[in-house]
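Asks: Structure below; questions to follow.
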Amino acid sequence: MNNFTENVAERLNGLIEKNIDAKKGFSKASENASSSELKNYFSTKSDERQNFVTQLETIVGRTGEEIEDSGSLTGTAHRTWMDVKSFFSSDNDEAMLEAAITGEKAAMDEYKEILDEPLPLGAKEVLQRQLTRIESGLNRIKVLEDLAD
């Protein structure tokens, strides 16, 4: 494949890995949250991120490049999610919400950066929908955080 396709696939693979990390973090938060509302919210976000992974894998597969869904990258957003995942292991709802806010802001930045690049047919629309869902979830987290105070 050409360098353009390889670069796009590499960036999308990075998003796949970050969404896998987010899925795991939200799943862990769901297990540790004290309120049923938070448990449901985090569980829903975990499922959503699994759907994001599936959609991104489909896009990478169409490029003909290899889908990388294991290992780790050294990107800023990835490091942020790795740091955030450790907070999801706590039993403090407020700390988990703060960690989710940090992770979601990092994810939004990563999505916006990739959306500024040339992408394969249909990829931009999928990424924009995912970004919109992340933004919506961030707004919901802020409401839940206000309720937890």
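By order of appearance in the structure tokens: chains A, B, ..., then residues from 1 within every chain, and ligands from 1 in the order shown.
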Skipping near chain neighbours, those fewer than 3 positions away, what residues fall within 9 Å of Pro118 of chain A using only C-alpha atoms, listed as a list in words?

Replies: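 So, after excluding close chain neighbours, the residues are Phe4, Val8, Ile114, Leu115 and Lys124 of chain A.
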
Asks: What would the file look like if the residues just selected were written as a PDB file, in the first residue's frame with C-alpha atoms?

Replies:
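Now in part_21.pdb:
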ATOM      1  CA  PHE A   4      -1.001   7.651   2.675  1.00  0.00           C
ATOM      2  CA  VAL A   8      -4.185   6.540   7.860  1.00  0.00           C
ATOM      3  CA  ILE A 114      -7.453  12.868  12.978  1.00  0.00           C
ATOM      4  CA  LEU A 115     -10.564  14.481  11.500  1.00  0.00           C
ATOM      5  CA  LYS A 124     -14.716  10.917   8.299  1.00  0.00           C
TER       6      LYS A 124
END

Asks: Neighbouring residues of Met108 of chain A were defined as those with any atom within 12 Å, considering only C-alpha atoms; residues of the same chain fewer than 6 positions away were excluded. Please report them as a list in words.

Replies: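 Answer for this query is Leu15, Lys18, Asn19, Ala77, Ile101, Thr102, Ile114, Leu115, Leu127, Gln128, Arg129, Gln130, Leu131, Thr132, Arg133, Ile134, Glu135, Ser136, Gly137 and Leu138 of chain A.
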
Asks: Write out, as a tab-separated table (two decimals), in the first residue's frame, the residues just selected, with N, CA and C atoms.

Replies:
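Saved the output as again28.tsv:
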chain	number	residue	atom	x	y	z
A	15	LEU	N	-6.43	4.80	17.28
A	15	LEU	CA	-7.76	5.03	17.87
A	15	LEU	C	-8.37	3.72	18.36
A	18	LYS	N	-6.83	2.97	21.70
A	18	LYS	CA	-7.31	3.89	22.73
A	18	LYS	C	-8.75	3.57	23.12
A	19	ASN	N	-9.56	3.16	22.14
A	19	ASN	CA	-10.94	2.80	22.45
A	19	ASN	C	-11.01	1.48	23.22
A	77	ALA	N	-2.71	10.72	24.14
A	77	ALA	CA	-4.05	10.27	24.54
A	77	ALA	C	-3.97	8.86	25.11
A	101	ILE	N	-13.72	12.09	32.75
A	101	ILE	CA	-13.67	13.41	32.10
A	101	ILE	C	-12.30	13.61	31.45
A	102	THR	N	-11.24	13.30	32.19
A	102	THR	CA	-9.89	13.44	31.65
A	102	THR	C	-9.71	12.58	30.40
A	114	ILE	N	-7.35	13.80	14.11
A	114	ILE	CA	-7.45	12.87	12.98
A	114	ILE	C	-8.47	13.36	11.96
A	115	LEU	N	-9.54	13.98	12.42
A	115	LEU	CA	-10.56	14.48	11.50
A	115	LEU	C	-10.05	15.60	10.61
A	127	LEU	N	-15.97	8.71	12.14
A	127	LEU	CA	-15.22	9.38	13.21
A	127	LEU	C	-15.99	10.56	13.78
A	128	GLN	N	-16.68	11.31	12.92
A	128	GLN	CA	-17.46	12.45	13.40
A	128	GLN	C	-18.61	11.98	14.30
A	129	ARG	N	-19.26	10.89	13.92
A	129	ARG	CA	-20.33	10.33	14.77
A	129	ARG	C	-19.78	9.87	16.11
A	130	GLN	N	-18.63	9.22	16.08
A	130	GLN	CA	-18.02	8.76	17.33
A	130	GLN	C	-17.63	9.95	18.20
A	131	LEU	N	-17.07	10.98	17.60
A	131	LEU	CA	-16.70	12.18	18.35
A	131	LEU	C	-17.94	12.82	18.98
A	132	THR	N	-19.01	12.88	18.24
A	132	THR	CA	-20.26	13.45	18.76
A	132	THR	C	-20.74	12.65	19.97
A	133	ARG	N	-20.62	11.31	19.90
A	133	ARG	CA	-21.02	10.47	21.04
A	133	ARG	C	-20.12	10.70	22.25
A	134	ILE	N	-18.84	10.89	22.01
A	134	ILE	CA	-17.91	11.16	23.10
A	134	ILE	C	-18.25	12.51	23.75
A	135	GLU	N	-18.51	13.52	22.92
A	135	GLU	CA	-18.88	14.85	23.45
A	135	GLU	C	-20.17	14.77	24.26
A	136	SER	N	-21.14	14.04	23.76
A	136	SER	CA	-22.40	13.87	24.47
A	136	SER	C	-22.18	13.15	25.80
A	137	GLY	N	-21.34	12.13	25.78
A	137	GLY	CA	-21.03	11.40	27.01
A	137	GLY	C	-20.30	12.27	28.02
A	138	LEU	N	-19.45	13.16	27.52
A	138	LEU	CA	-18.74	14.07	28.42
A	138	LEU	C	-19.73	15.00	29.11

Asks: Please compute the atom CA of Gln50 of chain A-atom CA of Ile20 of chain A distance, one decimal, in Å.

Replies: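 So the answer is 7.0 Å.
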
Asks: Select, from A:Gly25, A:Pro120, A:Gly14, A:Gly103, the residue with the minimum atom-to-atom distance to Thr63 of chain A, counting only C-alpha atoms.

Replies: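 Smallest separation from Thr63 of chain A among the options: A:Pro120.
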
Asks: With distances taken over only C-alpha atoms, which residue among A:Leu56, A:Ala29, A:Ala99, A:Leu144 lies nearest Asn13 of chain A?

Replies: A:Leu56

Asks: Could you tell me, as an NGL selection string, which residues of segment 8-124 of chain A DSSP assigns to alpha helix (DSSP H) when given the backbone?

Replies: :A and (8-32 or 36-63 or 76-88 or 93-115 or 123-124)

Asks: Find the residues around Ser30 of chain A up to 9 Å (only C-alpha atoms counted), leave out those fewer than 4 positions away in its own chain, and share them as a PyMOL selection string.

Replies: chain A and resi 25-26+34+36+38-44+46+88

Asks: Hey, can you check how far atom CA of Ala107 of chain A sits from atom CA of Leu121 of chain A?

Replies: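 One can read the atom CA of Ala107 of chain A to atom CA of Leu121 of chain A distance as 22.0 Å.
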
Asks: Atom CA of Glu17 of chain A to atom CA of Arg140 of chain A: how many Å, to one decimal?

Replies: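 About the pair atom CA of Glu17 of chain A and atom CA of Arg140 of chain A: they are 23.6 Å apart.
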
Asks: Restricting the calculation to only C-alpha atoms: of A:Ile16, A:Ile67, A:Ala9, A:Ala22, which residue gets closest to Ala106 of chain A?

Replies: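 For Ala106 of chain A, the nearest of the candidates is A:Ala22.
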
Asks: Considering only C-alpha atoms, state which residue in the set A:Asp109, A:Glu37, A:Glu125, A:Glu104 is at the smallest distance from Lys23 of chain A.

Replies: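 The answer is A:Glu104, which sits nearest to Lys23 of chain A.
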